[in-house]
>>> print(open('query-v9.pdb').read())   # PDB, C-alpha atoms
ATOM      1  CA  MET A 188      54.802  23.764  30.174
ATOM      2  CA  CYS A 189      56.213  27.187  30.917
ATOM      3  CA  THR A 190      54.032  29.809  32.528
ATOM      4  CA  PRO A 191      54.166  33.452  31.382
ATOM      5  CA  PRO A 192      56.182  34.516  34.473
ATOM      6  CA  MET A 193      58.693  31.700  33.782
ATOM      7  CA  ILE A 194      59.049  32.867  30.174
ATOM      8  CA  GLN A 195      59.448  36.488  31.298
ATOM      9  CA  ARG A 196      62.168  35.528  33.783
ATOM     10  CA  TYR A 197      64.024  33.574  31.108
ATOM     11  CA  VAL A 198      63.865  36.171  28.341
ATOM     12  CA  SER A 199      64.725  39.041  30.693
ATOM     13  CA  LYS A 200      68.223  37.550  30.864
ATOM     14  CA  VAL A 201      68.767  38.417  27.196
ATOM     15  CA  SER A 202      69.830  42.036  26.779
ATOM     16  CA  GLY A 203      68.268  44.423  24.273
ATOM     17  CA  PRO A 204      71.599  45.214  22.565
ATOM     18  CA  LEU A 205      72.228  41.497  22.065
ATOM     19  CA  LEU A 206      68.753  41.013  20.644
ATOM     20  CA  ASP A 207      69.312  43.965  18.282
ATOM     21  CA  ARG A 208      72.066  41.932  16.620
ATOM     22  CA  ILE A 209      69.625  39.198  15.586
ATOM     23  CA  ASP A 210      67.957  39.971  12.272
ATOM     24  CA  ILE A 211      64.817  37.873  12.591
ATOM     25  CA  HIS A 212      63.059  36.646  15.695
ATOM     26  CA  ILE A 213      59.547  35.316  15.505
ATOM     27  CA  GLU A 214      57.247  33.105  17.467
ATOM     28  CA  VAL A 215      55.977  30.084  15.560
ATOM     29  CA  PRO A 216      52.669  28.830  16.910
ATOM     30  CA  ALA A 217      51.565  25.219  16.645
ATOM     31  CA  VAL A 218      49.753  24.340  13.430
ATOM     32  CA  GLU A 219      46.021  23.841  13.871
ATOM     33  CA  TYR A 220      44.697  20.353  13.155
ATOM     34  CA  LYS A 221      42.320  21.640  10.464
ATOM     35  CA  GLU A 222      45.244  23.255   8.642
ATOM     36  CA  LEU A 223      47.164  19.974   8.715
ATOM     37  CA  ARG A 224      44.213  18.084   7.291
ATOM     38  CA  GLY A 225      43.019  20.822   4.938
ATOM     39  CA  GLY A 226      43.116  20.311   1.206
ATOM     40  CA  SER A 227      44.872  23.530   0.240
ATOM     41  CA  ALA A 228      48.386  22.972  -1.011
ATOM     42  CA  ALA A 229      51.122  25.204   0.365
ATOM     43  CA  GLU A 230      54.081  26.343  -1.677
ATOM     44  CA  GLY A 231      56.331  23.334  -2.161
ATOM     45  CA  SER A 232      59.989  23.036  -1.207
ATOM     46  CA  ALA A 233      61.107  23.073  -4.845
ATOM     47  CA  GLU A 234      59.261  26.338  -5.505
ATOM     48  CA  ILE A 235      60.636  27.905  -2.326
ATOM     49  CA  ARG A 236      64.152  26.775  -3.230
ATOM     50  CA  GLU A 237      63.862  28.367  -6.668
ATOM     51  CA  ARG A 238      62.638  31.683  -5.173
ATOM     52  CA  VAL A 239      65.563  31.680  -2.736
ATOM     53  CA  LEU A 240      68.084  30.908  -5.482
ATOM     54  CA  ALA A 241      66.607  33.652  -7.680
ATOM     55  CA  ALA A 242      66.819  36.111  -4.777
ATOM     56  CA  ARG A 243      70.463  35.137  -4.194
ATOM     57  CA  ARG A 244      71.205  35.692  -7.896
ATOM     58  CA  ARG A 245      69.645  39.173  -7.656
ATOM     59  CA  GLN A 246      71.787  39.957  -4.618
ATOM     60  CA  HIS A 247      74.987  38.715  -6.263
ATOM     61  CA  ALA A 248      74.254  40.740  -9.404
ATOM     62  CA  ARG A 249      73.458  43.883  -7.386
ATOM     63  CA  PHE A 250      76.651  43.738  -5.366
ATOM     64  CA  ALA A 251      78.837  42.711  -8.324
ATOM     65  CA  GLU A 252      77.532  45.685 -10.315
ATOM     66  CA  ALA A 253      78.116  48.052  -7.386
ATOM     67  CA  GLU A 254      81.625  46.648  -6.890
ATOM     68  CA  SER A 255      82.495  47.060 -10.569
ATOM     69  CA  LYS A 256      81.306  50.711 -10.489
ATOM     70  CA  THR A 257      83.390  51.351  -7.370
ATOM     71  CA  ASN A 258      86.450  49.632  -8.819
ATOM     72  CA  ALA A 259      86.091  51.516 -12.087
ATOM     73  CA  SER A 260      86.228  54.893 -10.364
ATOM     74  CA  VAL A 261      88.430  54.262  -7.338
ATOM     75  CA  LYS A 262      90.244  51.323  -5.823
ATOM     76  CA  VAL A 263      89.197  50.959  -2.209
ATOM     77  CA  LYS A 264      91.977  49.384  -0.197
ATOM     78  CA  GLY A 265      90.741  46.818   2.290
ATOM     79  CA  ALA A 266      87.152  46.985   1.071
ATOM     80  CA  ARG A 267      85.313  43.774   1.780
ATOM     81  CA  ARG A 268      83.166  42.062  -0.795
ATOM     82  CA  VAL A 269      79.467  41.775  -0.103
ATOM     83  CA  PHE A 270      77.608  38.653  -1.174
ATOM     84  CA  ALA A 271      74.319  38.961   0.705
ATOM     85  CA  ASN A 272      71.988  41.635   2.015
ATOM     86  CA  ALA A 273      72.902  40.773   5.612
ATOM     87  CA  GLN A 274      76.484  41.940   4.928
ATOM     88  CA  MET A 275      75.545  45.406   3.670
ATOM     89  CA  SER A 276      77.265  48.436   5.161
ATOM     90  CA  THR A 277      75.292  51.487   6.249
ATOM     91  CA  GLN A 278      76.062  53.209   2.946
ATOM     92  CA  GLN A 279      74.889  50.168   0.971
ATOM     93  CA  ILE A 280      71.695  50.036   3.021
ATOM     94  CA  ARG A 281      70.996  53.671   2.067
ATOM     95  CA  THR A 282      71.730  52.880  -1.585
ATOM     96  CA  PHE A 283      69.875  49.579  -2.033
ATOM     97  CA  CYS A 284      66.997  49.914   0.443
ATOM     98  CA  VAL A 285      65.209  52.983  -0.865
ATOM     99  CA  LEU A 286      61.657  52.921   0.421
ATOM    100  CA  GLU A 287      58.503  54.088  -1.291
ATOM    101  CA  PRO A 288      56.901  57.017   0.624
ATOM    102  CA  ASP A 289      54.179  54.864   2.241
ATOM    103  CA  ALA A 290      56.768  52.283   3.313
ATOM    104  CA  GLU A 291      58.912  55.080   4.759
ATOM    105  CA  ARG A 292      55.989  56.312   6.866
ATOM    106  CA  LEU A 293      55.224  52.779   8.045
ATOM    107  CA  LEU A 294      58.830  52.222   9.142
ATOM    108  CA  GLU A 295      58.926  55.579  10.915
ATOM    109  CA  ARG A 296      55.709  54.760  12.789
ATOM    110  CA  ALA A 297      57.059  51.333  13.798
ATOM    111  CA  MET A 298      60.317  52.859  15.012
ATOM    112  CA  GLN A 299      58.440  55.334  17.186
ATOM    113  CA  GLN A 300      55.749  52.986  18.510
ATOM    114  CA  GLN A 301      58.070  50.067  19.242
ATOM    115  CA  GLY A 302      61.000  52.166  20.414
ATOM    116  CA  LEU A 303      63.397  50.430  18.025
ATOM    117  CA  SER A 304      67.096  51.295  18.031
ATOM    118  CA  ALA A 305      69.209  52.535  15.120
ATOM    119  CA  ARG A 306      70.713  49.049  14.871
ATOM    120  CA  ALA A 307      67.209  47.524  14.645
ATOM    121  CA  HIS A 308      66.376  50.076  11.923
ATOM    122  CA  ASP A 309      69.302  48.903   9.792
ATOM    123  CA  ARG A 310      68.516  45.236  10.482
ATOM    124  CA  ILE A 311      64.936  45.790   9.348
ATOM    125  CA  LEU A 312      66.170  47.386   6.122
ATOM    126  CA  LYS A 313      68.491  44.452   5.394
ATOM    127  CA  VAL A 314      65.613  42.045   5.934
ATOM    128  CA  VAL A 315      63.232  44.198   3.877
ATOM    129  CA  ARG A 316      65.656  44.104   0.939
ATOM    130  CA  THR A 317      65.688  40.311   1.172
ATOM    131  CA  VAL A 318      61.873  40.144   1.392
ATOM    132  CA  ALA A 319      61.652  42.314  -1.737
ATOM    133  CA  ASP A 320      64.241  40.119  -3.481
ATOM    134  CA  LEU A 321      62.215  37.008  -2.657
ATOM    135  CA  ASP A 322      59.214  38.800  -4.149
ATOM    136  CA  ALA A 323      61.301  39.656  -7.269
ATOM    137  CA  ALA A 324      60.592  43.353  -6.621
ATOM    138  CA  GLU A 325      63.081  46.096  -7.419
ATOM    139  CA  ALA A 326      61.305  48.687  -5.270
ATOM    140  CA  VAL A 327      60.681  48.178  -1.574
ATOM    141  CA  GLY A 328      56.973  48.526  -0.920
ATOM    142  CA  THR A 329      54.695  48.707   2.076
ATOM    143  CA  ARG A 330      54.006  44.964   2.139
ATOM    144  CA  HIS A 331      57.759  44.270   2.257
ATOM    145  CA  ILE A 332      58.391  46.660   5.128
ATOM    146  CA  ALA A 333      55.346  45.366   7.017
ATOM    147  CA  GLU A 334      56.670  41.810   6.784
ATOM    148  CA  ALA A 335      60.168  42.830   7.883
ATOM    149  CA  ILE A 336      58.803  44.778  10.851
ATOM    150  CA  GLN A 337      56.813  41.729  11.947
ATOM    151  CA  TYR A 338      60.085  39.826  12.227
ATOM    152  CA  ARG A 339      61.197  42.301  14.920
ATOM    153  CA  THR A 340      58.123  42.215  17.121
ATOM    154  CA  LEU A 341      58.933  39.232  19.324
ATOM    155  CA  ASP A 342      61.488  41.192  21.323
ATOM    156  CA  ARG A 343      58.956  43.953  21.967
ATOM    157  CA  ARG A 344      56.465  41.463  23.369
ATOM    158  CA  TYR A 345      58.838  40.315  26.103
ATOM    159  CA  TRP A 346      61.341  43.174  26.462
ATOM    160  CA  ALA A 347      59.180  46.284  26.160
TER
END
>>> encode(input="query-v9.pdb", output="structure tokens")
Amino acid sequence: MCTPPMIQRYVSKVSGPLLDRIDIHIEVPAVEYKELRGGSAAEGSAEIRERVLAARRRQHARFAEAESKTNASVKVKGARRVFANAQMSTQQIRTFCVLEPDAERLLERAMQQQGLSARAHDRILKVVRTVADLDAAEAVGTRHIAEAIQYRTLDRRYWA
């Protein structure tokens, strides 16, 4: 078993800029015995798979539509095709990750309190678009941004 100082020594070897390049980092605690034995049924693999496939279809449609609009007005030489939210450019992030006002305030507060970088900001927005897609939501709401921010908190626990 690793002690907290051992963990701190290990994780301090990973640089902040390197960690900024990882979209999601979370700590997964052990499942409690009562949860394992409990009678409540979790979402099944088939249902999760269908949500993921539906989210991927939304992403493909979004980027195909954007590409066709771009190609209709101007041919961009060397432009790369985007198939997933993780591949979005900064301009695409600004276009497809428009936040509701409350979500905007929540992200701003998280950026300030956690001292997140500009790269982390864009990574959060890519993840938030995916969270909203999994939720079949066109608009990015507060619950989506809150979930995406949670996926960035592990680095702040050890590296802050």
>>> resolve_selection(input="query-v9.pdb", expression="the PyMOL selection byres ((chain A and resi 323) around 12)", output="list in words")
Glu237, Arg238, Val239, Leu240, Ala241, Ala242, Arg243, Arg244, Arg245, Gln246, Arg316, Thr317, Val318, Ala319, Asp320, Leu321, Asp322, Ala324, Glu325, Ala326, Val327, Gly328 and His331 of chain A
>>> resolve_selection(input="query-v9.pdb", expression="the PyMOL selection byres ((chain A and resi 210) around 8)", output="ChimeraX atom specification")
/A:207-209,211-212,307,310-311,314,338-339
>>> atom_distance(input="query-v9.pdb", atom1="atom CA of A:Ala273", atom2="atom CA of A:Glu254")
16.3 Å
>>> residues_around(input="query-v9.pdb", residues="stretch 275-283 of chain A", least_positions_apart="5", cutoff="8 Å", atoms="only C-alpha atoms", output="MDAnalysis selection string")
chainID A and resid 269 309 312:313 316
>>> atom_distance(input="query-v9.pdb", atom1="atom CA of A:Ile332", atom2="atom CA of A:Met298")
11.8 Å
>>> atom_distance(input="query-v9.pdb", atom1="atom CA of A:Ser255", atom2="atom CA of A:Phe270")
13.5 Å
>>> closest_residue(input="query-v9.pdb", among="A:Ala233, A:Arg249, A:Ala333, A:Ile194", to="A:Arg296", atoms="only C-alpha atoms")
A:Ala333
>>> decode(input="query-v9.pdb", residues="stretch 280-303 of chain A", atoms="N, CA and C atoms", output="CSV table (one decimal), in the first residue's frame")
chain,number,residue,atom,x,y,z
A,280,ILE,N,-14.0,24.8,-31.2
A,280,ILE,CA,-14.4,24.8,-29.8
A,280,ILE,C,-15.3,26.0,-29.6
A,281,ARG,N,-14.9,27.2,-30.1
A,281,ARG,CA,-15.7,28.4,-29.9
A,281,ARG,C,-17.1,28.3,-30.6
A,282,THR,N,-17.1,27.6,-31.7
A,282,THR,CA,-18.4,27.5,-32.4
A,282,THR,C,-19.3,26.4,-31.8
A,283,PHE,N,-18.8,25.3,-31.4
A,283,PHE,CA,-19.7,24.2,-31.0
A,283,PHE,C,-19.8,24.0,-29.5
A,284,CYS,N,-19.1,24.8,-28.7
A,284,CYS,CA,-19.1,24.7,-27.2
A,284,CYS,C,-19.6,25.9,-26.6
A,285,VAL,N,-20.7,26.5,-27.1
A,285,VAL,CA,-21.3,27.7,-26.6
A,285,VAL,C,-22.0,27.3,-25.2
A,286,LEU,N,-21.6,28.1,-24.2
A,286,LEU,CA,-22.1,27.8,-22.9
A,286,LEU,C,-23.3,28.6,-22.5
A,287,GLU,N,-24.2,28.1,-21.8
A,287,GLU,CA,-25.3,28.9,-21.2
A,287,GLU,C,-24.6,29.8,-20.1
A,288,PRO,N,-25.3,31.0,-19.8
A,288,PRO,CA,-24.6,31.9,-18.9
A,288,PRO,C,-24.2,31.3,-17.6
A,289,ASP,N,-25.0,30.5,-17.0
A,289,ASP,CA,-24.7,29.9,-15.7
A,289,ASP,C,-23.5,29.0,-15.8
A,290,ALA,N,-23.4,28.2,-16.9
A,290,ALA,CA,-22.3,27.3,-17.2
A,290,ALA,C,-21.0,28.1,-17.4
A,291,GLU,N,-21.2,29.3,-18.1
A,291,GLU,CA,-20.0,30.1,-18.3
A,291,GLU,C,-19.4,30.6,-17.0
A,292,ARG,N,-20.3,31.0,-16.1
A,292,ARG,CA,-19.8,31.5,-14.7
A,292,ARG,C,-19.2,30.4,-14.0
A,293,LEU,N,-19.7,29.2,-14.0
A,293,LEU,CA,-19.2,28.0,-13.3
A,293,LEU,C,-17.8,27.7,-13.9
A,294,LEU,N,-17.6,27.7,-15.2
A,294,LEU,CA,-16.3,27.5,-15.8
A,294,LEU,C,-15.3,28.6,-15.4
A,295,GLU,N,-15.7,29.8,-15.4
A,295,GLU,CA,-14.8,30.9,-15.0
A,295,GLU,C,-14.4,30.7,-13.6
A,296,ARG,N,-15.3,30.4,-12.7
A,296,ARG,CA,-15.0,30.2,-11.3
A,296,ARG,C,-14.0,29.0,-11.1
A,297,ALA,N,-14.2,28.0,-11.8
A,297,ALA,CA,-13.3,26.8,-11.7
A,297,ALA,C,-11.9,27.2,-12.2
A,298,MET,N,-11.9,27.9,-13.3
A,298,MET,CA,-10.6,28.3,-13.9
A,298,MET,C,-9.8,29.1,-12.8
A,299,GLN,N,-10.5,30.1,-12.2
A,299,GLN,CA,-9.8,30.9,-11.2
A,299,GLN,C,-9.4,30.2,-9.9
A,300,GLN,N,-10.3,29.4,-9.4
A,300,GLN,CA,-10.1,28.7,-8.2
A,300,GLN,C,-9.1,27.6,-8.3
A,301,GLN,N,-9.1,26.9,-9.4
A,301,GLN,CA,-8.1,25.8,-9.6
A,301,GLN,C,-6.9,26.2,-10.3
A,302,GLY,N,-6.8,27.4,-10.8
A,302,GLY,CA,-5.6,27.9,-11.5
A,302,GLY,C,-5.4,27.1,-12.8
A,303,LEU,N,-6.4,26.8,-13.5
A,303,LEU,CA,-6.3,26.0,-14.8
A,303,LEU,C,-5.7,26.8,-15.9
